[in-house]
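K.L.:
File model-v5.pdb below, PDB, C-alpha atoms and all ligand atoms:
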```
ATOM      1  CA  MET A   1       0.000   0.000   0.000
ATOM      2  CA  GLU A   2       1.290   3.436  -0.905
ATOM      3  CA  ILE A   3       1.391   5.862   2.009
ATOM      4  CA  ASN A   4       2.663   9.283   1.065
ATOM      5  CA  THR A   5       4.452  11.362   3.623
ATOM      6  CA  ASP A   6       5.163  14.584   1.777
ATOM      7  CA  LYS A   7       3.177  17.720   2.595
ATOM      8  CA  MET A   8       1.669  18.349  -0.859
ATOM      9  CA  GLY A   9      -1.969  17.297  -0.570
ATOM     10  CA  CYS A  10      -5.585  18.330  -0.214
ATOM     11  CA  CYS A  11      -4.894  20.633   2.744
ATOM     12  CA  ALA A  12      -2.198  21.474   5.274
ATOM     13  CA  GLU A  13      -2.498  18.044   6.899
ATOM     14  CA  LYS A  14      -0.150  15.167   6.048
ATOM     15  CA  PRO A  15      -1.419  13.137   3.071
ATOM     16  CA  VAL A  16      -2.032   9.444   3.753
ATOM     17  CA  ILE A  17      -2.951   8.167   0.302
ATOM     18  CA  ARG A  18      -2.806   9.022  -3.378
ATOM     19  CA  ILE A  19      -6.220   8.166  -4.829
ATOM     20  CA  TYR A  20      -7.074   7.024  -8.350
ATOM     21  CA  SER A  21      -7.270  10.579  -9.756
ATOM     22  CA  GLY A  22      -3.696  11.258  -8.565
ATOM     23  CA  GLU A  23      -4.869  13.527  -5.731
ATOM     24  CA  LYS A  24      -3.218  13.107  -2.320
ATOM     25  CA  LEU A  25      -5.582  13.156   0.638
ATOM     26  CA  CYS A  26      -5.094  13.573   4.379
ATOM     27  CA  LYS A  27      -6.891  11.274   6.824
ATOM     28  CA  ASN A  28      -9.999  13.441   7.275
ATOM     29  CA  HIS A  29     -10.438  14.237   3.603
ATOM     30  CA  PHE A  30      -9.807  10.591   2.660
ATOM     31  CA  ASN A  31     -12.453   9.405   5.149
ATOM     32  CA  GLU A  32     -14.911  11.900   3.699
ATOM     33  CA  TYR A  33     -14.046  10.856   0.130
ATOM     34  CA  PHE A  34     -14.317   7.144   0.953
ATOM     35  CA  GLU A  35     -17.579   7.308   2.901
ATOM     36  CA  ASN A  36     -19.152   9.552   0.256
ATOM     37  CA  LYS A  37     -18.141   7.035  -2.375
ATOM     38  CA  VAL A  38     -19.809   4.195  -0.437
ATOM     39  CA  PHE A  39     -23.030   6.192   0.066
ATOM     40  CA  ARG A  40     -22.995   7.229  -3.605
ATOM     41  CA  THR A  41     -22.616   3.563  -4.598
ATOM     42  CA  ILE A  42     -25.593   2.632  -2.398
ATOM     43  CA  ARG A  43     -27.704   5.343  -4.080
ATOM     44  CA  GLN A  44     -26.433   4.792  -7.641
ATOM     45  CA  PHE A  45     -27.182   1.067  -7.640
ATOM     46  CA  ASP A  46     -30.216   1.280  -5.370
ATOM     47  CA  LEU A  47     -28.636  -1.134  -2.898
ATOM     48  CA  LEU A  48     -30.861  -0.316   0.084
ATOM     49  CA  ASP A  49     -34.544   0.416   0.489
ATOM     50  CA  LYS A  50     -35.947   2.770   3.129
ATOM     51  CA  GLU A  51     -36.701  -0.178   5.373
ATOM     52  CA  GLU A  52     -34.295  -3.085   5.587
ATOM     53  CA  ASN A  53     -33.475  -5.987   7.806
ATOM     54  CA  ILE A  54     -29.925  -6.243   6.586
ATOM     55  CA  GLY A  55     -27.206  -8.733   7.413
ATOM     56  CA  VAL A  56     -23.497  -8.169   6.877
ATOM     57  CA  ALA A  57     -21.388 -11.190   5.949
ATOM     58  CA  LEU A  58     -18.570 -10.666   8.446
ATOM     59  CA  SER A  59     -15.245 -12.440   8.121
ATOM     60  CA  GLY A  60     -13.262 -10.212  10.468
ATOM     61  CA  GLY A  61     -11.133  -8.960   7.571
ATOM     62  CA  LYS A  62     -10.732  -5.359   6.429
ATOM     63  CA  ASP A  63     -13.489  -5.406   3.796
ATOM     64  CA  SER A  64     -16.325  -6.826   5.866
ATOM     65  CA  LEU A  65     -15.368  -4.756   8.938
ATOM     66  CA  THR A  66     -15.452  -1.623   6.789
ATOM     67  CA  VAL A  67     -18.915  -2.429   5.401
ATOM     68  CA  LEU A  68     -20.208  -3.305   8.841
ATOM     69  CA  SER A  69     -18.804  -0.135  10.374
ATOM     70  CA  ILE A  70     -20.357   2.135   7.726
ATOM     71  CA  LEU A  71     -23.732   0.360   7.625
ATOM     72  CA  ASN A  72     -23.846   0.308  11.419
ATOM     73  CA  ARG A  73     -23.530   4.076  11.404
ATOM     74  CA  LEU A  74     -26.302   4.275   8.811
ATOM     75  CA  SER A  75     -28.572   2.043  10.879
ATOM     76  CA  LYS A  76     -27.959   4.149  14.005
ATOM     77  CA  GLN A  77     -29.119   7.223  12.074
ATOM     78  CA  ASN A  78     -32.098   5.392  10.592
ATOM     79  CA  PRO A  79     -34.158   3.145  12.886
ATOM     80  CA  LYS A  80     -35.853   1.539   9.855
ATOM     81  CA  ILE A  81     -32.532  -0.057   8.864
ATOM     82  CA  LYS A  82     -32.027  -3.028  11.182
ATOM     83  CA  LEU A  83     -28.601  -4.631  11.105
ATOM     84  CA  ILE A  84     -27.015  -7.894  12.216
ATOM     85  CA  ALA A  85     -23.768  -9.676  11.305
ATOM     86  CA  ILE A  86     -23.313 -13.253  10.084
ATOM     87  CA  ALA A  87     -19.959 -15.022  10.241
ATOM     88  CA  ILE A  88     -19.079 -18.377   8.743
ATOM     89  CA  ASP A  89     -16.483 -20.508  10.500
ATOM     90  CA  GLU A  90     -15.115 -22.733   7.751
ATOM     91  CA  GLY A  91     -12.655 -24.385  10.110
ATOM     92  CA  ILE A  92      -9.309 -23.159   8.796
ATOM     93  CA  ALA A  93      -6.835 -23.609  11.622
ATOM     94  CA  GLY A  94      -4.592 -20.647  12.415
ATOM     95  CA  TYR A  95      -6.636 -18.266  10.282
ATOM     96  CA  ARG A  96     -10.393 -18.204  10.806
ATOM     97  CA  ASP A  97     -10.078 -18.600  14.572
ATOM     98  CA  LYS A  98      -8.067 -15.342  14.618
ATOM     99  CA  THR A  99     -10.384 -13.356  12.355
ATOM    100  CA  LEU A 100     -13.431 -14.552  14.311
ATOM    101  CA  VAL A 101     -11.909 -13.090  17.473
ATOM    102  CA  VAL A 102     -11.643  -9.734  15.674
ATOM    103  CA  ALA A 103     -15.236 -10.091  14.407
ATOM    104  CA  LYS A 104     -16.591 -10.884  17.882
ATOM    105  CA  GLU A 105     -14.676  -8.023  19.508
ATOM    106  CA  PHE A 106     -15.959  -5.560  16.924
ATOM    107  CA  CYS A 107     -19.572  -6.695  17.360
ATOM    108  CA  ASP A 108     -19.323  -6.657  21.159
ATOM    109  CA  LYS A 109     -17.851  -3.170  21.148
ATOM    110  CA  ASN A 110     -20.477  -1.836  18.754
ATOM    111  CA  LYS A 111     -23.398  -3.833  20.212
ATOM    112  CA  ILE A 112     -24.122  -5.631  16.948
ATOM    113  CA  GLU A 113     -25.905  -8.993  17.047
ATOM    114  CA  LEU A 114     -23.571 -11.629  15.606
ATOM    115  CA  HIS A 115     -24.563 -15.108  14.379
ATOM    116  CA  ILE A 116     -21.803 -17.640  13.703
ATOM    117  CA  PHE A 117     -22.393 -20.800  11.655
ATOM    118  CA  SER A 118     -19.716 -23.425  11.180
ATOM    119  CA  TYR A 119     -19.025 -26.057   8.520
ATOM    120  CA  LYS A 120     -18.377 -28.530  11.334
ATOM    121  CA  GLU A 121     -21.865 -28.085  12.793
ATOM    122  CA  GLU A 122     -23.693 -27.736   9.492
ATOM    123  CA  PHE A 123     -21.832 -30.292   7.361
ATOM    124  CA  GLY A 124     -20.065 -32.504   9.922
ATOM    125  CA  LEU A 125     -16.484 -31.575   8.983
ATOM    126  CA  THR A 126     -14.243 -28.508   9.019
ATOM    127  CA  LEU A 127     -12.804 -27.290   5.719
ATOM    128  CA  ASP A 128      -9.368 -28.540   6.811
ATOM    129  CA  GLU A 129     -10.856 -32.028   7.365
ATOM    130  CA  MET A 130     -12.683 -31.953   4.015
ATOM    131  CA  LEU A 131      -9.462 -31.072   2.229
ATOM    132  CA  ARG A 132      -7.681 -34.041   3.776
ATOM    133  CA  ILE A 133     -10.383 -36.296   2.318
ATOM    134  CA  LEU A 134     -11.093 -34.831  -1.108
ATOM    135  CA  ASN A 135      -8.558 -33.834  -3.708
ATOM    136  CA  VAL A 136     -10.159 -30.495  -4.667
ATOM    137  CA  LYS A 137      -9.109 -26.864  -4.885
ATOM    138  CA  PRO A 138      -9.780 -25.362  -1.414
ATOM    139  CA  CYS A 139     -11.514 -22.228  -2.681
ATOM    140  CA  THR A 140     -13.883 -24.171  -4.934
ATOM    141  CA  ILE A 141     -15.387 -26.248  -2.166
ATOM    142  CA  CYS A 142     -15.096 -23.480   0.428
ATOM    143  CA  GLY A 143     -16.939 -20.994  -1.808
ATOM    144  CA  ILE A 144     -19.758 -23.445  -2.544
ATOM    145  CA  PHE A 145     -20.381 -24.203   1.128
ATOM    146  CA  ARG A 146     -20.049 -20.540   2.189
ATOM    147  CA  ARG A 147     -22.533 -19.236  -0.423
ATOM    148  CA  TYR A 148     -24.900 -22.070   0.491
ATOM    149  CA  LEU A 149     -24.827 -21.315   4.223
ATOM    150  CA  LEU A 150     -24.973 -17.539   3.860
ATOM    151  CA  ASN A 151     -28.069 -17.706   1.662
ATOM    152  CA  LYS A 152     -29.812 -20.347   3.758
ATOM    153  CA  LYS A 153     -29.119 -18.650   7.093
ATOM    154  CA  SER A 154     -29.959 -15.161   5.750
ATOM    155  CA  ARG A 155     -33.331 -16.487   4.635
ATOM    156  CA  GLU A 156     -33.945 -18.256   7.949
ATOM    157  CA  LEU A 157     -33.049 -15.037   9.795
ATOM    158  CA  LYS A 158     -35.585 -13.228   7.558
ATOM    159  CA  LEU A 159     -33.040 -10.780   6.196
ATOM    160  CA  THR A 160     -34.154  -8.542   3.339
ATOM    161  CA  LYS A 161     -30.553  -8.099   2.057
ATOM    162  CA  LEU A 162     -27.107  -9.456   2.760
ATOM    163  CA  ALA A 163     -24.222  -6.978   2.373
ATOM    164  CA  THR A 164     -20.792  -8.329   1.522
ATOM    165  CA  GLY A 165     -17.363  -6.712   1.553
ATOM    166  CA  HIS A 166     -16.588  -7.268  -2.149
ATOM    167  CA  ASN A 167     -14.523  -4.376  -3.461
ATOM    168  CA  LEU A 168     -13.554  -3.177  -6.935
ATOM    169  CA  ASP A 169     -10.467  -5.421  -7.051
ATOM    170  CA  ASP A 170     -12.554  -8.520  -6.158
ATOM    171  CA  GLU A 171     -15.069  -7.740  -8.881
ATOM    172  CA  CYS A 172     -12.356  -7.069 -11.419
ATOM    173  CA  GLN A 173     -10.713 -10.423 -10.619
ATOM    174  CA  SER A 174     -14.043 -12.262 -10.954
ATOM    175  CA  ILE A 175     -14.753 -10.640 -14.326
ATOM    176  CA  MET A 176     -11.320 -11.636 -15.676
ATOM    177  CA  MET A 177     -11.507 -15.164 -14.201
ATOM    178  CA  ASN A 178     -14.879 -15.746 -15.875
ATOM    179  CA  GLN A 179     -13.521 -14.433 -19.184
ATOM    180  CA  MET A 180     -10.566 -16.793 -18.967
ATOM    181  CA  ARG A 181     -12.873 -19.719 -18.181
ATOM    182  CA  ASN A 182     -15.301 -18.681 -20.917
ATOM    183  CA  ASP A 183     -18.030 -18.598 -18.292
ATOM    184  CA  LEU A 184     -20.216 -15.610 -19.123
ATOM    185  CA  MET A 185     -23.128 -17.119 -17.253
ATOM    186  CA  ALA A 186     -21.121 -16.664 -14.054
ATOM    187  CA  SER A 187     -20.434 -13.040 -15.037
ATOM    188  CA  ALA A 188     -24.181 -12.466 -15.445
ATOM    189  CA  ARG A 189     -24.409 -13.179 -11.706
ATOM    190  CA  LEU A 190     -21.870 -10.435 -10.852
ATOM    191  CA  GLY A 191     -22.562  -6.739 -10.272
ATOM    192  CA  PRO A 192     -23.267  -4.549  -7.228
ATOM    193  CA  LYS A 193     -26.633  -6.210  -6.494
ATOM    194  CA  VAL A 194     -27.075  -9.929  -7.070
ATOM    195  CA  GLY A 195     -29.611 -12.661  -6.434
ATOM    196  CA  LEU A 196     -33.042 -13.199  -7.929
ATOM    197  CA  ILE A 197     -35.747 -11.161  -6.207
ATOM    198  CA  SER A 198     -38.353 -13.233  -8.051
ATOM    199  CA  ASN A 199     -37.248 -16.382  -6.215
ATOM    200  CA  LYS A 200     -38.160 -16.429  -2.514
ATOM    201  CA  LEU A 201     -35.354 -18.886  -1.776
ATOM    202  CA  PHE A 202     -32.719 -16.247  -2.555
ATOM    203  CA  VAL A 203     -31.734 -13.325  -0.349
ATOM    204  CA  GLN A 204     -30.353 -10.469  -2.443
ATOM    205  CA  ARG A 205     -26.685  -9.706  -1.910
ATOM    206  CA  VAL A 206     -25.393  -6.129  -2.157
ATOM    207  CA  LYS A 207     -21.835  -4.799  -2.400
ATOM    208  CA  PRO A 208     -21.518  -1.269  -0.947
ATOM    209  CA  LEU A 209     -17.706  -1.269  -1.583
ATOM    210  CA  TYR A 210     -18.211  -2.082  -5.263
ATOM    211  CA  LEU A 211     -16.391   1.057  -6.480
ATOM    212  CA  CYS A 212     -13.727   1.183  -3.744
ATOM    213  CA  THR A 213     -10.308  -0.232  -4.535
ATOM    214  CA  GLU A 214      -8.566  -2.708  -2.257
ATOM    215  CA  LYS A 215      -5.985  -0.042  -1.462
ATOM    216  CA  GLU A 216      -8.684   2.421  -0.405
ATOM    217  CA  VAL A 217     -10.476  -0.147   1.775
ATOM    218  CA  THR A 218      -7.210  -1.226   3.416
ATOM    219  CA  THR A 219      -6.285   2.401   4.105
ATOM    220  CA  TYR A 220      -9.737   3.164   5.547
ATOM    221  CA  ALA A 221      -9.759   0.076   7.783
ATOM    222  CA  PHE A 222      -6.305   0.707   9.237
ATOM    223  CA  LEU A 223      -6.665   4.484   9.545
ATOM    224  CA  ASN A 224      -9.879   4.049  11.499
ATOM    225  CA  GLY A 225      -8.591   1.299  13.753
ATOM    226  CA  LEU A 226     -11.039  -1.331  12.464
ATOM    227  CA  LEU A 227      -8.233  -3.876  12.637
ATOM    228  CA  ASP A 228      -4.547  -3.782  13.427
ATOM    229  CA  ASP A 229      -3.254  -6.915  11.780
ATOM    230  CA  PHE A 230      -3.487  -8.409   8.309
ATOM    231  CA  ASN A 231      -4.558 -12.050   8.088
ATOM    232  CA  GLU A 232      -4.701 -13.976   4.845
ATOM    233  CA  CYS A 233      -6.167 -17.437   4.397
ATOM    234  CA  PRO A 234      -3.335 -19.950   3.896
ATOM    235  CA  ASN A 235      -5.265 -21.450   0.958
ATOM    236  CA  ALA A 236      -5.477 -18.137  -0.919
ATOM    237  CA  VAL A 237      -1.949 -18.280  -2.340
ATOM    238  CA  HIS A 238      -2.706 -21.438  -4.335
ATOM    239  CA  SER A 239      -5.826 -20.021  -5.946
ATOM    240  CA  PHE A 240      -6.441 -18.959  -9.526
ATOM    241  CA  ARG A 241      -7.801 -15.712  -8.054
ATOM    242  CA  ALA A 242      -4.428 -14.930  -6.450
ATOM    243  CA  GLN A 243      -2.682 -15.266  -9.814
ATOM    244  CA  VAL A 244      -5.252 -13.056 -11.535
ATOM    245  CA  ARG A 245      -4.949 -10.537  -8.669
ATOM    246  CA  ASP A 246      -1.174 -10.318  -9.049
ATOM    247  CA  THR A 247      -1.424  -9.881 -12.816
ATOM    248  CA  LEU A 248      -4.052  -7.150 -12.446
ATOM    249  CA  ASN A 249      -1.907  -5.378  -9.839
ATOM    250  CA  GLU A 250       1.059  -5.402 -12.225
ATOM    251  CA  LEU A 251      -1.117  -3.996 -15.011
ATOM    252  CA  GLU A 252      -2.574  -1.361 -12.684
ATOM    253  CA  ASN A 253       0.932  -0.246 -11.682
ATOM    254  CA  GLU A 254       1.947   0.148 -15.287
ATOM    255  CA  PHE A 255      -1.381   1.456 -16.597
ATOM    256  CA  PRO A 256      -3.218   3.246 -13.747
ATOM    257  CA  GLY A 257      -6.984   3.016 -14.057
ATOM    258  CA  THR A 258      -6.994  -0.472 -15.587
ATOM    259  CA  LYS A 259      -9.200  -1.943 -12.846
ATOM    260  CA  TYR A 260     -11.729   0.903 -13.026
ATOM    261  CA  SER A 261     -11.866   0.540 -16.801
ATOM    262  CA  ILE A 262     -12.505  -3.213 -16.610
ATOM    263  CA  VAL A 263     -15.314  -2.821 -14.062
ATOM    264  CA  ASN A 264     -16.850   0.206 -15.792
ATOM    265  CA  SER A 265     -16.948  -1.495 -19.171
ATOM    266  CA  PHE A 266     -18.321  -4.633 -17.526
ATOM    267  CA  LEU A 267     -21.150  -2.590 -15.975
ATOM    268  CA  GLN A 268     -22.117  -1.459 -19.470
ATOM    269  CA  THR A 269     -22.362  -5.031 -20.722
ATOM    270  CA  LEU A 270     -24.002  -6.463 -17.580
ATOM    271  CA  PRO A 271     -27.637  -5.709 -18.637
ATOM    272  CA  PHE A 272     -27.043  -7.654 -21.881
ATOM    273  CA  LEU A 273     -25.539 -10.588 -19.977
ATOM    274  CA  LYS A 274     -28.458 -10.614 -17.524
ATOM    275  CA  GLU A 275     -30.903 -10.609 -20.436
ATOM    276  CA  LYS A 276     -29.041 -13.396 -22.256
ATOM    277  CA  PHE A 277     -28.941 -15.704 -19.231
ATOM    278  CA  LYS A 278     -32.251 -14.741 -17.593
ATOM    279  CA  ASP A 279     -33.935 -18.011 -18.565
ATOM    280  CA  GLY A 280     -31.552 -20.251 -16.643
ATOM    281  CA  GLU A 281     -34.037 -22.310 -14.674
ATOM    282  CA  ILE A 282     -33.607 -22.444 -10.892
ATOM    283  CA  LYS A 283     -34.443 -25.860  -9.518
ATOM    284  CA  ILE A 284     -34.944 -27.038  -5.957
ATOM    285  CA  CYS A 285     -32.302 -29.461  -4.708
ATOM    286  CA  LYS A 286     -33.929 -32.874  -4.244
ATOM    287  CA  SER A 287     -31.702 -33.590  -1.298
ATOM    288  CA  CYS A 288     -31.855 -30.402   0.827
ATOM    289  CA  GLY A 289     -34.546 -28.172  -0.711
ATOM    290  CA  GLU A 290     -32.190 -25.256  -1.353
ATOM    291  CA  PRO A 291     -32.037 -23.510  -4.765
ATOM    292  CA  ALA A 292     -29.884 -25.341  -7.310
ATOM    293  CA  ALA A 293     -28.857 -25.214 -10.949
ATOM    294  CA  ASN A 294     -29.272 -29.007 -11.239
ATOM    295  CA  GLU A 295     -31.358 -31.727  -9.578
ATOM    296  CA  ILE A 296     -28.897 -31.818  -6.669
ATOM    297  CA  CYS A 297     -27.148 -28.627  -5.468
ATOM    298  CA  ASN A 298     -23.361 -28.361  -5.486
ATOM    299  CA  ALA A 299     -23.154 -28.447  -1.682
ATOM    300  CA  CYS A 300     -25.060 -31.753  -1.550
ATOM    301  CA  VAL A 301     -22.880 -33.165  -4.353
ATOM    302  CA  TYR A 302     -19.774 -32.540  -2.230
ATOM    303  CA  ILE A 303     -21.453 -33.754   0.974
ATOM    304  CA  GLU A 304     -22.257 -37.000  -0.844
ATOM    305  CA  LYS A 305     -18.649 -37.337  -2.043
ATOM    306  CA  LEU A 306     -17.413 -36.790   1.514
ATOM    307  CA  LYS A 307     -19.897 -39.324   2.898
ATOM    308  CA  ASN A 308     -18.757 -41.912   0.408
ATOM    309  CA  LYS A 309     -15.169 -41.489   1.551
ATOM    310  CA  VAL A 310     -15.799 -41.332   5.307
ATOM    311  CA  ALA A 311     -19.262 -42.739   5.886
ATOM    312  CA  PRO A 312     -18.794 -43.454   9.616
ATOM    313  CA  GLN A 313     -17.852 -39.869  10.437
ATOM    314  CA  LEU A 314     -20.916 -38.234   8.877
TER     315      LEU A 314
HETATM  316 FE1  LIG B   1     -12.106 -20.261   1.591
HETATM  317 FE2  LIG B   1     -10.322 -19.890  -0.409
HETATM  318 FE3  LIG B   1     -11.338 -17.787   0.919
HETATM  319 FE4  LIG B   1      -9.639 -19.437   2.137
HETATM  320  S1  LIG B   1      -9.186 -18.117   0.356
HETATM  321  S2  LIG B   1     -11.534 -18.618   3.011
HETATM  322  S3  LIG B   1     -10.204 -21.418   1.236
HETATM  323  S4  LIG B   1     -12.466 -19.228  -0.393
HETATM  324 ZN    ZN B   2     -28.760 -29.606  -1.678
END
```
Is it possible to express this structure as structure tokens?

P.N.:
Amino acid sequence: MEINTDKMGCCAEKPVIRIYSGEKLCKNHFNEYFENKVFRTIRQFDLLDKEENIGVALSGGKDSLTVLSILNRLSKQNPKIKLIAIAIDEGIAGYRDKTLVVAKEFCDKNKIELHIFSYKEEFGLTLDEMLRILNVKPCTICGIFRRYLLNKKSRELKLTKLATGHNLDDECQSIMMNQMRNDLMASARLGPKVGLISNKLFVQRVKPLYLCTEKEVTTYAFLNGLLDDFNECPNAVHSFRAQVRDTLNELENEFPGTKYSIVNSFLQTLPFLKEKFKDGEIKICKSCGEPAANEICNACVYIEKLKNKVAPQL
């Protein structure tokens, strides 16, 4: 992260960051710029209604803490916006236990109701245990189970929306990954507001940090004391996403504005993608009753594979 220390900035105060436009901002002006950008994103993409029972998917990392902190402030100003946090404990030793401590401390301090659901309780095994049994990419199986649980639990908790900490860098990586996999149907499910409102089994997901870069979110989180340490999942380094992230960062360094350009041009094509793939039928999983693209949902497919390998444990 680039922290500037020279005195040439927005005002007489010491600049802390050079933003996308090249302008250097001090802490107060950066906070104002960042929060305004989040509120503008919420308005521009119509992410929140006047009345909401919103959940924040909280990992205890910089992105989700930032969303939770800003939406918490919003809910304090507006009693019609009710807010809770949901955390998923995948069971990743040495990582998730630490970030969950941060998540709990933040919620305790700010009096936010926190619900924690674990893979162990819901599926019988931690992610670490699953990975010792199945030869799969960690993020593939982890993502399937996390999306499954977040949607199911959000619905059971009667949430009207679920806010996630996805930022501009995350979206940019997803767009490029889908392009490289020739999976435009997956791209049709991206954007600042996702999930079918026409299907009662889905809770809409919204991304208030959609237009904020990773660098901006990191700066905001650290400057405002939302966390004081940086934890990264040990499985992240092996992922396709990590390789795409590094490539995009190199391109951004050489050609500033690359990430904004990718996301902005994607937003222009998104309505066409949504139209093209709107007829994809949503089925009900015959095994668990959750929404699925096929007869059996992906989570149940993996649960079945795990059962077949370790029947006595499940
Ligand atoms: Fe799960 Fe991969 Fe994220 Fe780790 S990096 S929490 S394995 S999706
Ligand atoms: Zn299922």

K.L.:
Mind listing the residues within 7 Å of ligand ZN 2 (chain B), all atoms listed in the file counted, as a PyMOL selection string?

P.N.:
chain A and resi 285-290+296-300

K.L.:
Got a sec to check which residues lie within 7 Å of ligand LIG 1 (chain B), using all atoms listed in the file, and send them as JSON, numbers by chain?

P.N.:
{"A": [138, 139, 140, 142, 143, 233, 234, 235, 236]}

K.L.:
Grab the CA of Val67 (chain A) to CA of Leu157 (chain A) distance for me, in Å with one decimal place.

P.N.:
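Taking CA of Val67 (chain A) and CA of Leu157 (chain A), their separation equals 19.4 Å.
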
K.L.:
Which value, in Å to one decimal, gives the distance between CA of Phe230 (chain A) and CA of Tyr260 (chain A)?

P.N.:
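Result for CA of Phe230 (chain A) versus CA of Tyr260 (chain A): 24.7 Å, one decimal.
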
K.L.:
Which residues, written as an MDAnalysis selection string, have at least one atom at most 10 Å from Arg146 (chain A), with all atoms listed in the file counted and residues fewer than 3 positions away on the same chain left out?

P.N.:
chainID A and resid 87:90 117:119 139 141:143 149:152 299

K.L.:
To box region 245-250 of chain A, take all atoms listed in the file, fit an axis-aligned box, add 5 Å on each side, and give centre and edge lengths in Å to one decimal, as lines of an AutoDock Vina configuration file.

P.N.:
```
center_x = -1.9
center_y = -8.0
center_z = -10.7
size_x = 16.0
size_y = 15.2
size_z = 14.1
```

K.L.:
Select, from A:Asn231, A:Asn264, A:Ser239, A:Thr160, the residue with the minimum atom-to-atom distance to Leu201 (chain A), counting only C-alpha atoms.

P.N.:
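Closest to Leu201 (chain A), using only C-alpha atoms: A:Thr160.
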
K.L.:
Within 12 Å of region 93-108 of chain A, counting only C-alpha atoms, which residues qualify if same-chain residues fewer than 6 places away don't, as a PDB file with C-alpha atoms, in the frame of the given file?

P.N.:
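The resulting file, out16.pdb, is reproduced below:
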```
ATOM      1  CA  VAL A  56     -23.497  -8.169   6.877  1.00  0.00           C
ATOM      2  CA  ALA A  57     -21.388 -11.190   5.949  1.00  0.00           C
ATOM      3  CA  LEU A  58     -18.570 -10.666   8.446  1.00  0.00           C
ATOM      4  CA  SER A  59     -15.245 -12.440   8.121  1.00  0.00           C
ATOM      5  CA  GLY A  60     -13.262 -10.212  10.468  1.00  0.00           C
ATOM      6  CA  GLY A  61     -11.133  -8.960   7.571  1.00  0.00           C
ATOM      7  CA  LYS A  62     -10.732  -5.359   6.429  1.00  0.00           C
ATOM      8  CA  ASP A  63     -13.489  -5.406   3.796  1.00  0.00           C
ATOM      9  CA  SER A  64     -16.325  -6.826   5.866  1.00  0.00           C
ATOM     10  CA  LEU A  65     -15.368  -4.756   8.938  1.00  0.00           C
ATOM     11  CA  THR A  66     -15.452  -1.623   6.789  1.00  0.00           C
ATOM     12  CA  LEU A  68     -20.208  -3.305   8.841  1.00  0.00           C
ATOM     13  CA  SER A  69     -18.804  -0.135  10.374  1.00  0.00           C
ATOM     14  CA  ASN A  72     -23.846   0.308  11.419  1.00  0.00           C
ATOM     15  CA  LEU A  83     -28.601  -4.631  11.105  1.00  0.00           C
ATOM     16  CA  ILE A  84     -27.015  -7.894  12.216  1.00  0.00           C
ATOM     17  CA  ALA A  85     -23.768  -9.676  11.305  1.00  0.00           C
ATOM     18  CA  ILE A  86     -23.313 -13.253  10.084  1.00  0.00           C
ATOM     19  CA  ALA A  87     -19.959 -15.022  10.241  1.00  0.00           C
ATOM     20  CA  LEU A 114     -23.571 -11.629  15.606  1.00  0.00           C
ATOM     21  CA  HIS A 115     -24.563 -15.108  14.379  1.00  0.00           C
ATOM     22  CA  ILE A 116     -21.803 -17.640  13.703  1.00  0.00           C
ATOM     23  CA  PHE A 117     -22.393 -20.800  11.655  1.00  0.00           C
ATOM     24  CA  SER A 118     -19.716 -23.425  11.180  1.00  0.00           C
ATOM     25  CA  TYR A 119     -19.025 -26.057   8.520  1.00  0.00           C
ATOM     26  CA  THR A 126     -14.243 -28.508   9.019  1.00  0.00           C
ATOM     27  CA  LEU A 127     -12.804 -27.290   5.719  1.00  0.00           C
ATOM     28  CA  ASP A 128      -9.368 -28.540   6.811  1.00  0.00           C
ATOM     29  CA  GLU A 129     -10.856 -32.028   7.365  1.00  0.00           C
ATOM     30  CA  GLY A 225      -8.591   1.299  13.753  1.00  0.00           C
ATOM     31  CA  LEU A 226     -11.039  -1.331  12.464  1.00  0.00           C
ATOM     32  CA  LEU A 227      -8.233  -3.876  12.637  1.00  0.00           C
ATOM     33  CA  ASP A 228      -4.547  -3.782  13.427  1.00  0.00           C
ATOM     34  CA  ASP A 229      -3.254  -6.915  11.780  1.00  0.00           C
ATOM     35  CA  PHE A 230      -3.487  -8.409   8.309  1.00  0.00           C
ATOM     36  CA  ASN A 231      -4.558 -12.050   8.088  1.00  0.00           C
ATOM     37  CA  GLU A 232      -4.701 -13.976   4.845  1.00  0.00           C
ATOM     38  CA  CYS A 233      -6.167 -17.437   4.397  1.00  0.00           C
ATOM     39  CA  PRO A 234      -3.335 -19.950   3.896  1.00  0.00           C
ATOM     40  CA  ASN A 235      -5.265 -21.450   0.958  1.00  0.00           C
ATOM     41  CA  ALA A 236      -5.477 -18.137  -0.919  1.00  0.00           C
TER      42      ALA A 236
END
```

K.L.:
Set the distance at 9 Å and use all atoms listed in the file: which residues neighbour Leu223 (chain A) once local chain neighbours fewer than 4 positions away are removed? I'd like the list as a count of residues only.

P.N.:
5

K.L.:
To one decimal in Å, tell me the separation between CA of Arg205 (chain A) and CA of Gly55 (chain A).

P.N.:
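Separation of CA of Arg205 (chain A) and CA of Gly55 (chain A): 9.4 Å.
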
K.L.:
Given all atoms listed in the file, how would the per-residue table for region 105-224 of chain A near region 33-42 of chain A read, listing every residue at most 10 Å away with its closest atom pair and distance in Å to one decimal, sorted by chain and number, as CSV?

P.N.:
```
residue,atom,partner,partner_atom,distance
A:Pro192,CA,A:Thr41,CA,8.6
A:Lys193,CA,A:Ile42,CA,9.8
A:Val206,CA,A:Ile42,CA,8.8
A:Lys207,CA,A:Ile42,CA,8.3
A:Pro208,CA,A:Val38,CA,5.7
A:Leu209,CA,A:Val38,CA,6.0
A:Tyr210,CA,A:Thr41,CA,7.2
A:Leu211,CA,A:Thr41,CA,7.0
A:Cys212,CA,A:Lys37,CA,7.5
A:Glu216,CA,A:Phe34,CA,7.5
A:Val217,CA,A:Phe34,CA,8.3
A:Thr219,CA,A:Phe34,CA,9.8
A:Tyr220,CA,A:Phe34,CA,7.6
```
